[in-house]
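Raw final-v1.pdb, PDB, C-alpha atoms:
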ATOM      1  CA  LYS F   1      58.217  -0.155 -24.760
ATOM      2  CA  SER F   2      55.250   2.177 -25.124
ATOM      3  CA  THR F   3      55.698   5.912 -24.668
ATOM      4  CA  THR F   4      53.340   8.274 -22.943
ATOM      5  CA  LYS F   5      51.972  11.458 -24.466
ATOM      6  CA  SER F   6      54.272  13.623 -22.305
ATOM      7  CA  GLU F   7      57.336  11.592 -23.379
ATOM      8  CA  LYS F   8      56.365  12.097 -27.028
ATOM      9  CA  SER F   9      55.951  15.858 -26.580
ATOM     10  CA  SER F  10      59.320  16.129 -24.819
ATOM     11  CA  ASP F  11      60.911  14.170 -27.712
ATOM     12  CA  LYS F  12      59.319  16.643 -30.132
ATOM     13  CA  LYS F  13      60.668  19.584 -28.095
ATOM     14  CA  ASP F  14      64.177  18.074 -28.125
ATOM     15  CA  ALA F  15      63.973  17.650 -31.912
ATOM     16  CA  SER F  16      63.295  21.374 -32.284
ATOM     17  CA  LEU F  17      66.350  22.309 -30.201
ATOM     18  CA  PRO F  18      68.818  24.224 -32.400
ATOM     19  CA  ASN F  19      71.966  22.369 -33.429
ATOM     20  CA  SER F  20      74.206  24.445 -31.167
ATOM     21  CA  LYS F  21      76.988  23.483 -28.778
ATOM     22  CA  THR F  22      77.960  24.926 -25.429
ATOM     23  CA  THR F  23      81.399  25.567 -26.964
ATOM     24  CA  ASP F  24      80.083  27.805 -29.789
ATOM     25  CA  TRP F  25      81.532  31.334 -29.646
ATOM     26  CA  ASP F  26      78.098  32.907 -29.143
ATOM     27  CA  MET F  27      77.224  30.557 -26.271
ATOM     28  CA  VAL F  28      80.012  31.658 -23.914
ATOM     29  CA  LEU F  29      78.700  32.006 -20.369
ATOM     30  CA  VAL F  30      80.058  34.747 -18.134
ATOM     31  CA  ASN F  31      78.472  35.265 -14.727
ATOM     32  CA  ARG F  32      79.320  35.036 -11.026
ATOM     33  CA  GLU F  33      79.627  31.242 -11.227
ATOM     34  CA  HIS F  34      81.576  31.355 -14.523
ATOM     35  CA  PRO F  35      84.062  34.241 -14.360
ATOM     36  CA  LYS F  36      86.416  34.829 -17.281
ATOM     37  CA  ASP F  37      89.689  36.676 -17.683
ATOM     38  CA  GLU F  38      89.876  39.476 -20.233
ATOM     39  CA  MET F  39      88.525  38.007 -23.479
ATOM     40  CA  ASN F  40      89.879  40.608 -25.959
ATOM     41  CA  PRO F  41      87.329  40.162 -28.765
ATOM     42  CA  GLU F  42      87.956  41.836 -32.107
ATOM     43  CA  LEU F  43      85.837  44.974 -31.832
ATOM     44  CA  THR F  44      83.829  47.161 -34.193
ATOM     45  CA  GLN F  45      82.673  50.658 -33.271
ATOM     46  CA  ILE F  46      78.929  51.277 -33.709
ATOM     47  CA  GLY F  47      78.041  54.822 -32.785
ATOM     48  CA  ASN F  48      79.109  55.340 -29.180
ATOM     49  CA  ILE F  49      79.767  51.664 -28.334
ATOM     50  CA  GLN F  50      81.980  48.776 -29.410
ATOM     51  CA  VAL F  51      80.842  45.189 -29.974
ATOM     52  CA  ASP F  52      82.409  41.917 -31.070
ATOM     53  CA  SER F  53      82.918  42.392 -34.823
ATOM     54  CA  ARG F  54      80.966  39.192 -35.554
ATOM     55  CA  ILE F  55      77.743  40.786 -34.266
ATOM     56  CA  ALA F  56      78.177  44.343 -35.575
ATOM     57  CA  LYS F  57      75.707  44.020 -38.484
ATOM     58  CA  SER F  58      73.133  42.290 -36.279
ATOM     59  CA  ALA F  59      73.478  44.974 -33.596
ATOM     60  CA  GLU F  60      73.057  47.762 -36.185
ATOM     61  CA  ALA F  61      69.960  46.078 -37.639
ATOM     62  CA  PHE F  62      68.510  45.535 -34.150
ATOM     63  CA  LEU F  63      69.051  49.199 -33.277
ATOM     64  CA  ALA F  64      67.353  50.318 -36.525
ATOM     65  CA  ALA F  65      64.368  48.045 -35.799
ATOM     66  CA  ALA F  66      64.156  49.335 -32.209
ATOM     67  CA  GLN F  67      64.269  52.920 -33.485
ATOM     68  CA  ALA F  68      61.364  52.120 -35.830
ATOM     69  CA  ILE F  69      59.377  51.357 -32.654
ATOM     70  CA  ASN F  70      60.698  54.411 -30.795
ATOM     71  CA  PRO F  71      63.190  56.860 -32.331
ATOM     72  CA  ALA F  72      64.616  57.505 -28.827
ATOM     73  CA  GLU F  73      66.049  53.964 -28.641
ATOM     74  CA  HIS F  74      69.852  54.094 -28.516
ATOM     75  CA  PHE F  75      72.886  52.137 -27.416
ATOM     76  CA  ILE F  76      73.995  52.874 -23.866
ATOM     77  CA  SER F  77      76.818  50.373 -23.514
ATOM     78  CA  GLY F  78      78.558  47.539 -25.318
ATOM     79  CA  TYR F  79      81.967  45.993 -24.778
ATOM     80  CA  ARG F  80      83.655  46.805 -21.463
ATOM     81  CA  SER F  81      87.156  45.709 -20.543
ATOM     82  CA  VAL F  82      87.700  43.985 -17.198
ATOM     83  CA  ALA F  83      89.543  47.115 -15.986
ATOM     84  CA  TYR F  84      86.640  49.387 -16.937
ATOM     85  CA  GLN F  85      84.118  47.018 -15.340
ATOM     86  CA  THR F  86      86.188  47.065 -12.131
ATOM     87  CA  SER F  87      86.011  50.859 -12.041
ATOM     88  CA  LEU F  88      82.281  50.950 -12.854
ATOM     89  CA  TYR F  89      81.388  48.270 -10.301
ATOM     90  CA  ASN F  90      83.417  49.967  -7.549
ATOM     91  CA  GLN F  91      81.727  53.273  -8.367
ATOM     92  CA  TYR F  92      78.282  51.641  -7.973
ATOM     93  CA  VAL F  93      79.302  50.038  -4.665
ATOM     94  CA  GLU F  94      80.503  53.432  -3.411
ATOM     95  CA  GLN F  95      77.211  55.073  -4.484
ATOM     96  CA  GLU F  96      75.201  52.366  -2.721
ATOM     97  CA  MET F  97      77.340  52.877   0.417
ATOM     98  CA  ALA F  98      78.870  49.394   0.308
ATOM     99  CA  ALA F  99      75.589  47.569  -0.366
ATOM    100  CA  GLU F 100      77.353  45.146  -2.712
ATOM    101  CA  ALA F 101      74.452  42.676  -2.762
ATOM    102  CA  LYS F 102      72.179  45.434  -4.090
ATOM    103  CA  VAL F 103      74.735  46.434  -6.738
ATOM    104  CA  GLN F 104      74.925  42.829  -7.962
ATOM    105  CA  THR F 105      71.238  42.964  -8.876
ATOM    106  CA  TYR F 106      72.167  45.358 -11.722
ATOM    107  CA  SER F 107      75.968  45.240 -12.162
ATOM    108  CA  GLN F 108      78.506  42.447 -12.003
ATOM    109  CA  PRO F 109      82.034  42.355 -10.584
ATOM    110  CA  ALA F 110      84.901  42.446 -13.065
ATOM    111  CA  GLY F 111      85.409  39.135 -14.865
ATOM    112  CA  MET F 112      81.755  38.274 -14.276
ATOM    113  CA  SER F 113      80.084  40.742 -16.659
ATOM    114  CA  GLU F 114      78.857  39.712 -20.102
ATOM    115  CA  HIS F 115      79.956  43.074 -21.430
ATOM    116  CA  GLN F 116      83.546  41.798 -21.600
ATOM    117  CA  THR F 117      82.469  39.291 -24.271
ATOM    118  CA  GLY F 118      81.506  42.027 -26.716
ATOM    119  CA  LEU F 119      78.235  40.095 -27.174
ATOM    120  CA  ALA F 120      76.145  42.167 -24.744
ATOM    121  CA  ILE F 121      74.561  45.530 -25.421
ATOM    122  CA  ASP F 122      72.511  47.889 -23.335
ATOM    123  CA  LEU F 123      69.757  49.420 -25.462
ATOM    124  CA  SER F 124      66.968  51.659 -24.210
ATOM    125  CA  ASP F 125      64.968  54.824 -24.767
ATOM    126  CA  VAL F 126      66.202  56.160 -21.400
ATOM    127  CA  ASP F 127      69.722  56.747 -20.030
ATOM    128  CA  SER F 128      69.220  55.520 -16.468
ATOM    129  CA  LEU F 129      67.999  52.441 -14.638
ATOM    130  CA  ASN F 130      64.398  53.582 -15.110
ATOM    131  CA  GLU F 131      62.046  51.286 -16.974
ATOM    132  CA  SER F 132      61.692  52.013 -20.668
ATOM    133  CA  THR F 133      58.312  52.777 -22.198
ATOM    134  CA  THR F 134      58.932  50.498 -25.200
ATOM    135  CA  ALA F 135      61.082  47.782 -23.601
ATOM    136  CA  LYS F 136      58.538  44.991 -24.095
ATOM    137  CA  GLN F 137      58.164  45.690 -27.817
ATOM    138  CA  VAL F 138      61.939  45.873 -28.303
ATOM    139  CA  ALA F 139      62.429  42.582 -26.420
ATOM    140  CA  GLU F 140      59.837  40.930 -28.690
ATOM    141  CA  ILE F 141      61.775  41.772 -31.872
ATOM    142  CA  ALA F 142      65.231  41.060 -30.408
ATOM    143  CA  PRO F 143      65.334  37.347 -31.418
ATOM    144  CA  ASN F 144      64.912  38.310 -35.093
ATOM    145  CA  TYR F 145      68.409  39.829 -34.835
ATOM    146  CA  GLY F 146      69.941  37.103 -32.658
ATOM    147  CA  PHE F 147      69.496  38.852 -29.306
ATOM    148  CA  VAL F 148      67.656  37.865 -26.138
ATOM    149  CA  LEU F 149      66.603  40.000 -23.205
ATOM    150  CA  ARG F 150      69.179  38.488 -20.887
ATOM    151  CA  PHE F 151      67.769  39.280 -17.451
ATOM    152  CA  THR F 152      64.019  38.703 -17.317
ATOM    153  CA  ALA F 153      61.966  38.883 -14.132
ATOM    154  CA  ASP F 154      61.183  35.149 -14.365
ATOM    155  CA  GLY F 155      64.850  34.302 -14.952
ATOM    156  CA  THR F 156      66.225  35.851 -11.769
ATOM    157  CA  PRO F 157      66.449  32.514  -9.880
ATOM    158  CA  SER F 158      68.809  31.080 -12.524
ATOM    159  CA  THR F 159      70.775  34.250 -13.359
ATOM    160  CA  GLY F 160      71.002  35.846  -9.910
ATOM    161  CA  VAL F 161      70.358  39.208 -11.591
ATOM    162  CA  GLY F 162      67.182  41.256 -11.312
ATOM    163  CA  TYR F 163      65.055  42.305 -14.279
ATOM    164  CA  GLU F 164      66.932  44.558 -16.706
ATOM    165  CA  ASP F 165      64.828  45.745 -19.617
ATOM    166  CA  TRP F 166      67.895  47.211 -21.348
ATOM    167  CA  HIS F 167      70.452  44.353 -21.350
ATOM    168  CA  PHE F 168      70.477  42.235 -24.507
ATOM    169  CA  ARG F 169      72.805  39.370 -25.314
ATOM    170  CA  TYR F 170      73.675  38.033 -28.754
ATOM    171  CA  VAL F 171      73.224  34.246 -29.024
ATOM    172  CA  GLY F 172      72.343  33.869 -32.730
ATOM    173  CA  VAL F 173      68.908  33.932 -34.350
ATOM    174  CA  GLU F 174      68.014  30.234 -33.949
ATOM    175  CA  ASN F 175      69.104  30.131 -30.317
ATOM    176  CA  ALA F 176      67.408  33.447 -29.516
ATOM    177  CA  LYS F 177      64.096  32.355 -31.005
ATOM    178  CA  TYR F 178      64.183  29.026 -29.152
ATOM    179  CA  MET F 179      65.185  30.597 -25.834
ATOM    180  CA  THR F 180      62.484  33.264 -26.086
ATOM    181  CA  ALA F 181      59.748  30.839 -27.163
ATOM    182  CA  HIS F 182      60.582  28.524 -24.242
ATOM    183  CA  HIS F 183      61.260  31.320 -21.694
ATOM    184  CA  LEU F 184      64.816  30.117 -21.042
ATOM    185  CA  THR F 185      67.748  32.004 -19.614
ATOM    186  CA  LEU F 186      71.175  31.343 -21.102
ATOM    187  CA  GLU F 187      72.039  29.265 -18.019
ATOM    188  CA  GLN F 188      68.953  27.069 -18.543
ATOM    189  CA  TYR F 189      69.486  26.812 -22.290
ATOM    190  CA  LEU F 190      73.104  25.693 -21.963
ATOM    191  CA  LYS F 191      71.970  22.826 -19.703
ATOM    192  CA  LEU F 192      69.657  21.654 -22.521
ATOM    193  CA  LEU F 193      72.515  21.738 -25.033
ATOM    194  CA  LYS F 194      74.703  19.400 -22.975
TER     195      LYS F 194
END
Translate the structure described by the file into structure tokens.
Amino acid sequence: KSTTKSEKSSDKKDASLPNSKTTDWDMVLVNREHPKDEMNPELTQIGNIQVDSRIAKSAEAFLAAAQAINPAEHFISGYRSVAYQTSLYNQYVEQEMAAEAKVQTYSQPAGMSEHQTGLAIDLSDVDSLNESTTAKQVAEIAPNYGFVLRFTADGTPSTGVGYEDWHFRYVGVENAKYMTAHHLTLEQYLKLLK
């Protein structure tokens, strides 16, 4: 059987796919369609946040690299327990006067937030939901440390979450570089790994 040019290029793309599995610890998916109970990762304190101990060195190196771009870059949030996420989410809903759909564009209900994995960090040069001045540059270097900008503007249809220039997710260097190069969300990437 002869193959077309497009079939050959898709074979080549598949060959470059990292040797990862959907069951790898850094590939866990937590979102509104895939809620999880409290995950209780082993945590390490980095400044004012906690992260899964397995990513602590990568998170520290990523922060240092981000601060080389802009010294104002800092961690805003890391691991959050399900109980804390419940409180935070309810506070946002109250502030938005019960506009829960609006809240879900920037915060997730308890059990549905990546922060409970210990693999997600919020990193910015601002402390609010305002757009950062150096977000694009920080997102570009993130894969070198195993992180991806989790909620891109183009990814909203697959994630259900609006653009967040501050929310980074650890997926490992190989996975992060592949996902970024191919403009894939974690949801899209996991489908490729199956």
Hits of the PyMOL selection byres ((chain F and resi 46) around 12) in this structure, as a PyMOL selection string: chain F and resi 43-45+47-53+55-64+74-79+118+121
Point-to-point distance in Å for atom CA of Tyr145 of chain F and atom CA of Asp125 of chain F: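 So the answer is 18.4 Å.
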Explicit residues for the PyMOL selection byres ((chain F and resi 178) around 10) (as an MDAnalysis selection string): chainID F and resid 16:18 143 148 173:177 179:184 189
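Atom CA of Gln95 of chain F is positioned 24.7 Å from atom CA of Arg150 of chain F.
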Per residue of segment 146-192 of chain F within 8 Å of segment 135-139 of chain F, what are the shortest atom pair and its distance in Å to one decimal, counting only C-alpha atoms, with rows by chain and residue number, as JSON lines?
{"residue": "F:Val148", "atom": "CA", "partner": "F:Ala139", "partner_atom": "CA", "distance": 7.0}
{"residue": "F:Leu149", "atom": "CA", "partner": "F:Ala139", "partner_atom": "CA", "distance": 5.9}
{"residue": "F:Asp165", "atom": "CA", "partner": "F:Ala135", "partner_atom": "CA", "distance": 5.8}
{"residue": "F:Trp166", "atom": "CA", "partner": "F:Ala135", "partner_atom": "CA", "distance": 7.2}
Writer output for current selection, C-alpha atoms, as a CSV table (one decimal), keeping the file's coordinate frame:
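Written output follows (out.csv):
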chain,number,residue,atom,x,y,z
F,148,VAL,CA,67.7,37.9,-26.1
F,149,LEU,CA,66.6,40.0,-23.2
F,165,ASP,CA,64.8,45.7,-19.6
F,166,TRP,CA,67.9,47.2,-21.3
Separation of atom CA of Leu193 of chain F from atom CA of Leu29 of chain F in Å: 12.9 Å
Best match for closeness to Thr133 of chain F among F:Leu192, F:Ala153, F:Val161, F:Ile69, counting only C-alpha atoms: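 Of F:Leu192, F:Ala153, F:Val161, F:Ile69, the one nearest Thr133 of chain F, counting only C-alpha atoms, is F:Ile69.
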Selection as an NGL selection string: residues within 6 Å of (79.4, 36.0, -17.2), counting all atoms listed in the file: :F and (29-31 or 34-35 or 112-114)
Write out as a CSV table (one decimal) with C-alpha atoms, in the frame of the given file which residues come within 9 Å of Asn40 of chain F when counting all atoms listed in the file, dropping same-chain ones fewer than 4 positions away.
chain,number,residue,atom,x,y,z
F,81,SER,CA,87.2,45.7,-20.5
F,116,GLN,CA,83.5,41.8,-21.6
F,117,THR,CA,82.5,39.3,-24.3
F,118,GLY,CA,81.5,42.0,-26.7
Nearest to Ile141 of chain F by atom-to-atom distance, counting all atoms listed in the file, from F:Asn19, F:Thr156, F:Gln67, F:Thr86: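 Selected residue with least distance to Ile141 of chain F: F:Gln67.
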Residue contacts of Phe151 of chain F (7 Å, only C-alpha atoms) excluding same-chain residues fewer than 4 positions away, as a list of chain:residue names: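 In the requested form, the answer reads F:Gly155, F:Thr156, F:Val161, F:Gly162, F:Tyr163, F:Glu164, F:His167.
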Target residues per the PyMOL selection byres ((chain F and resi 169) around 6), formatted as a ChimeraX atom specification: /F:119-120,147-148,150,168,170
Missing atoms in segment 180-192 of chain F should be modelled up to N, CA, C and O atoms and reported as a short mmCIF file (atom, residue, chain, number, x, y, z; two decimals), keeping the file's coordinate frame.
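Output below, filename selection.cif:
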data_model
loop_
_atom_site.label_atom_id
_atom_site.label_comp_id
_atom_site.auth_asym_id
_atom_site.auth_seq_id
_atom_site.Cartn_x
_atom_site.Cartn_y
_atom_site.Cartn_z
N THR F 180 63.61 32.37 -26.35
CA THR F 180 62.48 33.26 -26.09
C THR F 180 61.17 32.49 -26.09
O THR F 180 60.34 32.67 -25.20
N ALA F 181 60.99 31.62 -27.07
CA ALA F 181 59.75 30.84 -27.16
C ALA F 181 59.55 29.94 -25.94
O ALA F 181 58.43 29.71 -25.51
N HIS F 182 60.66 29.45 -25.38
CA HIS F 182 60.58 28.52 -24.24
C HIS F 182 60.89 29.21 -22.90
O HIS F 182 61.03 28.53 -21.89
N HIS F 183 61.02 30.54 -22.92
CA HIS F 183 61.26 31.32 -21.69
C HIS F 183 62.48 30.80 -20.93
O HIS F 183 62.42 30.57 -19.72
N LEU F 184 63.59 30.64 -21.64
CA LEU F 184 64.82 30.12 -21.04
C LEU F 184 65.88 31.19 -20.89
O LEU F 184 66.08 32.00 -21.80
N THR F 185 66.56 31.17 -19.77
CA THR F 185 67.75 32.00 -19.61
C THR F 185 68.91 31.29 -20.31
O THR F 185 68.80 30.10 -20.65
N LEU F 186 70.00 31.98 -20.49
CA LEU F 186 71.18 31.34 -21.10
C LEU F 186 71.66 30.18 -20.24
O LEU F 186 72.02 29.12 -20.75
N GLU F 187 71.62 30.34 -18.93
CA GLU F 187 72.04 29.26 -18.02
C GLU F 187 71.18 28.02 -18.24
O GLU F 187 71.70 26.89 -18.32
N GLN F 188 69.87 28.20 -18.34
CA GLN F 188 68.95 27.07 -18.54
C GLN F 188 69.15 26.45 -19.92
O GLN F 188 69.14 25.23 -20.07
N TYR F 189 69.32 27.28 -20.91
CA TYR F 189 69.49 26.81 -22.29
C TYR F 189 70.75 25.97 -22.45
O TYR F 189 70.75 24.92 -23.08
N LEU F 190 71.84 26.43 -21.85
CA LEU F 190 73.10 25.69 -21.96
C LEU F 190 72.99 24.29 -21.35
O LEU F 190 73.61 23.36 -21.83
N LYS F 191 72.18 24.16 -20.30
CA LYS F 191 71.97 22.83 -19.70
C LYS F 191 71.26 21.91 -20.69
O LYS F 191 71.54 20.71 -20.74
N LEU F 192 70.35 22.45 -21.50
CA LEU F 192 69.66 21.65 -22.52
C LEU F 192 70.61 21.21 -23.64
O LEU F 192 70.44 20.14 -24.21
#
